[in-house]
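Shown next: query-v7.cif, containing mmCIF, C-alpha atoms.
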```cif
data_input
loop_
_atom_site.label_atom_id
_atom_site.label_comp_id
_atom_site.auth_asym_id
_atom_site.auth_seq_id
_atom_site.Cartn_x
_atom_site.Cartn_y
_atom_site.Cartn_z
CA MET A 30 -49.11 11.51 18.90
CA ASN A 31 -50.19 12.38 15.44
CA LYS A 32 -47.42 11.79 12.88
CA LYS A 33 -47.67 13.37 9.50
CA PRO A 34 -46.93 11.21 6.43
CA VAL A 35 -44.66 13.93 5.03
CA GLU A 36 -42.28 13.56 8.00
CA THR A 37 -42.09 9.79 7.46
CA ILE A 38 -41.39 10.20 3.74
CA MET A 39 -38.70 12.79 4.44
CA GLY A 40 -37.08 10.43 6.95
CA PHE A 41 -36.87 7.71 4.30
CA VAL A 42 -35.44 10.20 1.79
CA VAL A 43 -32.74 11.25 4.29
CA LEU A 44 -31.83 7.59 4.97
CA PHE A 45 -31.68 6.83 1.24
CA VAL A 46 -29.40 9.81 0.58
CA ALA A 47 -27.12 8.81 3.48
CA VAL A 48 -26.77 5.22 2.21
CA PHE A 49 -26.17 6.48 -1.35
CA PHE A 50 -23.47 8.86 -0.08
CA LEU A 51 -21.70 6.09 1.86
CA LEU A 52 -21.67 3.78 -1.18
CA PHE A 53 -20.44 6.60 -3.41
CA ALA A 54 -17.67 7.53 -0.94
CA TYR A 55 -16.54 3.90 -0.70
CA ARG A 56 -16.29 3.52 -4.48
CA VAL A 57 -14.53 6.85 -5.03
CA SER A 58 -12.05 6.40 -2.15
CA ASP A 59 -10.50 3.37 -3.88
CA LEU A 60 -10.53 1.22 -0.74
CA GLN A 61 -11.28 -2.00 -2.56
CA VAL A 62 -8.69 -4.75 -2.55
CA VAL A 63 -7.14 -5.20 -5.98
CA LYS A 64 -7.71 -8.76 -7.15
CA GLY A 65 -5.01 -10.32 -9.27
CA TYR A 66 -1.85 -12.36 -9.00
CA GLN A 67 0.15 -12.52 -5.77
CA LEU A 68 3.77 -11.59 -5.25
CA ASN A 69 5.93 -11.84 -2.15
CA ALA A 70 8.50 -9.36 -0.90
CA ARG A 71 10.85 -9.46 2.09
CA PHE A 72 11.77 -6.39 4.12
CA LEU A 73 13.86 -5.79 7.23
CA LYS A 74 11.61 -2.91 8.37
CA VAL A 75 8.07 -2.18 7.23
CA GLY A 76 7.63 0.97 9.33
CA GLY A 77 3.86 1.02 9.79
CA LEU A 78 2.83 -0.64 6.53
CA ASN A 79 -0.60 -2.25 7.04
CA VAL A 80 -2.66 -4.93 5.37
CA GLY A 81 -4.80 -3.04 2.87
CA SER A 82 -2.10 -0.49 2.06
CA ASP A 83 -1.67 0.51 -1.58
CA VAL A 84 0.89 -0.82 -4.04
CA ARG A 85 1.65 1.92 -6.58
CA ILE A 86 3.59 2.48 -9.77
CA ASN A 87 4.19 6.17 -10.56
CA GLY A 88 1.51 7.12 -8.02
CA ILE A 89 -1.19 4.91 -9.56
CA LYS A 90 -2.67 2.13 -7.44
CA VAL A 91 -1.97 -1.24 -9.07
CA GLY A 92 -2.25 -3.50 -6.07
CA THR A 93 -2.88 -4.04 -2.39
CA VAL A 94 -0.96 -5.47 0.55
CA VAL A 95 -2.93 -8.59 1.48
CA ASN A 96 -0.77 -10.15 4.18
CA GLN A 97 2.32 -9.56 6.27
CA LYS A 98 4.01 -11.79 8.80
CA LEU A 99 7.28 -12.14 10.63
CA ASN A 100 9.53 -14.94 9.39
CA GLY A 101 10.64 -16.92 12.44
CA ASP A 102 13.95 -18.02 10.89
CA ASP A 103 15.58 -14.69 10.05
CA TYR A 104 13.07 -12.19 11.54
CA MET A 105 12.42 -10.54 8.18
CA ALA A 106 8.95 -9.23 7.34
CA ASP A 107 7.30 -11.32 4.62
CA VAL A 108 4.75 -9.17 2.75
CA THR A 109 2.24 -10.57 0.24
CA LEU A 110 0.98 -8.26 -2.51
CA SER A 111 -1.97 -8.66 -4.84
CA ILE A 112 -1.19 -7.05 -8.21
CA ALA A 113 -3.77 -6.34 -10.92
CA ASP A 114 -3.73 -8.92 -13.72
CA ASN A 115 -3.15 -6.28 -16.40
CA VAL A 116 0.15 -5.17 -14.77
CA LYS A 117 3.12 -7.31 -15.79
CA LEU A 118 6.27 -6.67 -13.75
CA PRO A 119 9.77 -7.55 -14.98
CA ILE A 120 11.73 -9.83 -12.63
CA ASP A 121 14.26 -7.07 -11.86
CA SER A 122 11.58 -4.68 -10.53
CA GLU A 123 12.24 -2.90 -7.24
CA ALA A 124 9.83 -2.61 -4.30
CA SER A 125 10.32 0.03 -1.61
CA ILE A 126 8.21 1.14 1.32
CA VAL A 127 7.58 4.88 1.30
CA GLY A 128 5.18 7.29 2.96
CA ASP A 129 2.71 9.88 1.74
CA GLY A 130 4.49 12.89 3.18
CA LEU A 131 5.88 13.27 6.67
CA MET A 132 2.91 11.83 8.56
CA GLY A 133 1.09 10.06 5.71
CA ASN A 134 0.18 6.43 5.26
CA LYS A 135 2.81 3.97 4.10
CA PHE A 136 2.56 2.20 0.75
CA ILE A 137 4.73 0.04 -1.49
CA LYS A 138 6.26 1.81 -4.46
CA LEU A 139 7.13 -0.43 -7.39
CA GLU A 140 9.71 0.56 -9.97
CA PRO A 141 9.52 -1.74 -12.99
CA GLY A 142 12.83 -3.08 -14.27
CA LYS A 143 14.07 -3.61 -17.81
CA SER A 144 14.09 -7.42 -18.00
CA LYS A 145 12.13 -9.24 -20.70
CA GLN A 146 11.13 -11.94 -18.18
CA TYR A 147 8.11 -11.24 -15.99
CA LEU A 148 7.13 -12.18 -12.45
CA GLN A 149 4.47 -14.86 -12.14
CA ASP A 150 1.89 -15.64 -9.47
CA GLY A 151 3.68 -16.63 -6.24
CA ASP A 152 7.11 -15.23 -7.21
CA THR A 153 9.21 -13.15 -4.82
CA LEU A 154 10.51 -9.65 -5.46
CA THR A 155 14.19 -9.88 -4.54
CA ASN A 156 15.13 -6.24 -5.08
CA THR A 157 13.59 -4.45 -2.06
CA LYS A 158 14.34 -1.31 -0.06
CA ASP A 159 13.33 -1.04 3.58
CA PHE A 160 11.36 1.83 5.07
CA LYS A 161 13.50 4.75 6.25
CA SER A 162 12.08 6.56 9.23
CA LEU A 163 12.65 10.23 9.92
CA GLU A 164 15.12 9.26 12.65
CA ASP A 165 17.11 7.14 10.18
CA MET A 166 17.35 10.00 7.70
CA VAL A 167 18.40 12.53 10.36
CA GLY A 168 21.04 10.07 11.60
CA GLU A 169 22.44 9.69 8.07
CA ILE A 170 22.66 13.46 7.64
CA ILE A 171 24.41 13.89 10.98
CA PHE A 172 26.83 11.08 10.10
CA MET A 173 27.62 12.71 6.72
CA VAL A 174 28.22 16.13 8.31
CA THR A 175 30.40 14.83 11.15
CA ASP A 176 32.37 12.34 9.03
CA ASN A 177 34.90 15.02 7.90
CA GLY A 178 36.06 12.91 4.95
CA LYS A 179 37.41 10.04 7.06
#
```

Just dump the structure as structure tokens.
Amino acid sequence: MNKKPVETIMGFVVLFVAVFFLLFAYRVSDLQVVKGYQLNARFLKVGGLNVGSDVRINGIKVGTVVNQKLNGDDYMADVTLSIADNVKLPIDSEASIVGDGLMGNKFIKLEPGKSKQYLQDGDTLTNTKDFKSLEDMVGEIIFMVTDNGK
């Protein structure tokens, strides 16, 4: 078998381009964990929220979900968030779990409050809204329609 040097060089070029494309895709896709200070939040239902999910303010990624566990005392979901150091959140900020469209990934949406005091590393967000599934929303609509003002 007589291999030509051009085929070997082209093979290396193809491998180099593939590795470059993978690194580029990783950096552009914004999959990195945001490093910063940690906050805790407690939810009754997380509805498919995963470790690594985004934390966003006005659609811009400012953090990452780094841990979630079930509290054995009250069966609430304890979620730990890592928020970028340059983002200072007032203590009356609200955290809610929402989805990207009907079948999209879940993320935590933060709505900054108006307080002049800010959350510090290790603090807990007390103003939270649980995830509402499609079934929950349909049930609410049916309840409103069939309530007849009673």

With the file shown as input, list the residues that the PyMOL selection byres ((chain A and resi 84) around 7) selects, as a ChimeraX atom specification. /A:82-83,85,90-94,136-138

Which residue is closest to A:Phe72? Choose from A:Arg56, A:Lys117, A:Lys98, A:Lys143 and count only C-alpha atoms.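 When distances to A:Phe72 are compared using only C-alpha atoms, the smallest one comes from A:Lys98.
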
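One distance worth recording is that between atom CA of A:Ile120 and atom CA of A:Gly142, which is 7.0 Å.
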
Could you state the separation of atom CA of A:Leu148 and atom CA of A:Lys64 in Å, given to one decimal place?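 Between these atoms lies a distance of 16.1 Å.
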
What gap, in Å, lies between atom CA of A:Ser144 and atom CA of A:Asp121?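 Between these atoms lies a distance of 6.2 Å.
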
Applying the PyMOL selection byres ((chain A and resi 74) around 12) to the file I just gave you, which residues come out? Please list them as an MDAnalysis selection string. chainID A and resid 70:73 75:78 97:99 104:108 125:127 135 157:162 165

Stretch 41-66 of chain A rebuilt with N, CA and C atoms, output as a PDB file, in the frame of the given file:
```
ATOM      1  N   PHE A  41     -37.358   8.710   5.237  1.00  0.00           N
ATOM      2  CA  PHE A  41     -36.870   7.710   4.300  1.00  0.00           C
ATOM      3  C   PHE A  41     -35.952   8.319   3.234  1.00  0.00           C
ATOM      4  N   VAL A  42     -36.278   9.517   2.782  1.00  0.00           N
ATOM      5  CA  VAL A  42     -35.440  10.200   1.790  1.00  0.00           C
ATOM      6  C   VAL A  42     -34.058  10.481   2.381  1.00  0.00           C
ATOM      7  N   VAL A  43     -34.021  10.958   3.628  1.00  0.00           N
ATOM      8  CA  VAL A  43     -32.740  11.250   4.290  1.00  0.00           C
ATOM      9  C   VAL A  43     -31.923   9.972   4.440  1.00  0.00           C
ATOM     10  N   LEU A  44     -32.537   8.870   4.853  1.00  0.00           N
ATOM     11  CA  LEU A  44     -31.830   7.590   4.970  1.00  0.00           C
ATOM     12  C   LEU A  44     -31.304   7.108   3.624  1.00  0.00           C
ATOM     13  N   PHE A  45     -32.115   7.237   2.574  1.00  0.00           N
ATOM     14  CA  PHE A  45     -31.680   6.830   1.240  1.00  0.00           C
ATOM     15  C   PHE A  45     -30.481   7.641   0.772  1.00  0.00           C
ATOM     16  N   VAL A  46     -30.514   8.948   0.982  1.00  0.00           N
ATOM     17  CA  VAL A  46     -29.400   9.810   0.580  1.00  0.00           C
ATOM     18  C   VAL A  46     -28.148   9.458   1.372  1.00  0.00           C
ATOM     19  N   ALA A  47     -28.279   9.167   2.663  1.00  0.00           N
ATOM     20  CA  ALA A  47     -27.120   8.810   3.480  1.00  0.00           C
ATOM     21  C   ALA A  47     -26.494   7.505   2.997  1.00  0.00           C
ATOM     22  N   VAL A  48     -27.292   6.492   2.706  1.00  0.00           N
ATOM     23  CA  VAL A  48     -26.770   5.220   2.210  1.00  0.00           C
ATOM     24  C   VAL A  48     -26.118   5.412   0.839  1.00  0.00           C
ATOM     25  N   PHE A  49     -26.746   6.193  -0.036  1.00  0.00           N
ATOM     26  CA  PHE A  49     -26.170   6.480  -1.350  1.00  0.00           C
ATOM     27  C   PHE A  49     -24.822   7.183  -1.204  1.00  0.00           C
ATOM     28  N   PHE A  50     -24.726   8.144  -0.298  1.00  0.00           N
ATOM     29  CA  PHE A  50     -23.470   8.860  -0.080  1.00  0.00           C
ATOM     30  C   PHE A  50     -22.381   7.932   0.421  1.00  0.00           C
ATOM     31  N   LEU A  51     -22.693   7.032   1.347  1.00  0.00           N
ATOM     32  CA  LEU A  51     -21.700   6.090   1.860  1.00  0.00           C
ATOM     33  C   LEU A  51     -21.190   5.163   0.764  1.00  0.00           C
ATOM     34  N   LEU A  52     -22.088   4.644  -0.072  1.00  0.00           N
ATOM     35  CA  LEU A  52     -21.670   3.780  -1.180  1.00  0.00           C
ATOM     36  C   LEU A  52     -20.818   4.549  -2.178  1.00  0.00           C
ATOM     37  N   PHE A  53     -21.205   5.760  -2.480  1.00  0.00           N
ATOM     38  CA  PHE A  53     -20.440   6.600  -3.410  1.00  0.00           C
ATOM     39  C   PHE A  53     -19.048   6.888  -2.849  1.00  0.00           C
ATOM     40  N   ALA A  54     -18.958   7.234  -1.567  1.00  0.00           N
ATOM     41  CA  ALA A  54     -17.670   7.530  -0.940  1.00  0.00           C
ATOM     42  C   ALA A  54     -16.772   6.300  -0.940  1.00  0.00           C
ATOM     43  N   TYR A  55     -17.328   5.129  -0.704  1.00  0.00           N
ATOM     44  CA  TYR A  55     -16.540   3.900  -0.700  1.00  0.00           C
ATOM     45  C   TYR A  55     -15.960   3.621  -2.085  1.00  0.00           C
ATOM     46  N   ARG A  56     -16.763   3.795  -3.120  1.00  0.00           N
ATOM     47  CA  ARG A  56     -16.290   3.520  -4.480  1.00  0.00           C
ATOM     48  C   ARG A  56     -15.261   4.552  -4.940  1.00  0.00           C
ATOM     49  N   VAL A  57     -15.439   5.793  -4.592  1.00  0.00           N
ATOM     50  CA  VAL A  57     -14.530   6.850  -5.030  1.00  0.00           C
ATOM     51  C   VAL A  57     -13.216   6.799  -4.252  1.00  0.00           C
ATOM     52  N   SER A  58     -13.250   6.385  -2.989  1.00  0.00           N
ATOM     53  CA  SER A  58     -12.050   6.400  -2.150  1.00  0.00           C
ATOM     54  C   SER A  58     -11.051   5.309  -2.517  1.00  0.00           C
ATOM     55  N   ASP A  59     -11.412   4.400  -3.393  1.00  0.00           N
ATOM     56  CA  ASP A  59     -10.500   3.370  -3.880  1.00  0.00           C
ATOM     57  C   ASP A  59      -9.992   2.481  -2.744  1.00  0.00           C
ATOM     58  N   LEU A  60     -10.892   2.065  -1.861  1.00  0.00           N
ATOM     59  CA  LEU A  60     -10.530   1.220  -0.740  1.00  0.00           C
ATOM     60  C   LEU A  60     -10.622  -0.272  -1.045  1.00  0.00           C
ATOM     61  N   GLN A  61     -11.110  -0.598  -2.239  1.00  0.00           N
ATOM     62  CA  GLN A  61     -11.280  -2.000  -2.560  1.00  0.00           C
ATOM     63  C   GLN A  61      -9.915  -2.678  -2.709  1.00  0.00           C
ATOM     64  N   VAL A  62      -9.893  -3.949  -2.371  1.00  0.00           N
ATOM     65  CA  VAL A  62      -8.690  -4.750  -2.550  1.00  0.00           C
ATOM     66  C   VAL A  62      -8.568  -5.083  -4.029  1.00  0.00           C
ATOM     67  N   VAL A  63      -7.378  -4.873  -4.580  1.00  0.00           N
ATOM     68  CA  VAL A  63      -7.140  -5.200  -5.980  1.00  0.00           C
ATOM     69  C   VAL A  63      -6.974  -6.708  -6.090  1.00  0.00           C
ATOM     70  N   LYS A  64      -7.781  -7.319  -6.932  1.00  0.00           N
ATOM     71  CA  LYS A  64      -7.710  -8.760  -7.150  1.00  0.00           C
ATOM     72  C   LYS A  64      -6.797  -9.027  -8.335  1.00  0.00           C
ATOM     73  N   GLY A  65      -5.926  -9.988  -8.190  1.00  0.00           N
ATOM     74  CA  GLY A  65      -5.010 -10.320  -9.270  1.00  0.00           C
ATOM     75  C   GLY A  65      -4.048 -11.395  -8.815  1.00  0.00           C
ATOM     76  N   TYR A  66      -2.841 -11.371  -9.373  1.00  0.00           N
ATOM     77  CA  TYR A  66      -1.850 -12.360  -9.000  1.00  0.00           C
ATOM     78  C   TYR A  66      -1.075 -11.894  -7.773  1.00  0.00           C
TER      79      TYR A  66
END
```
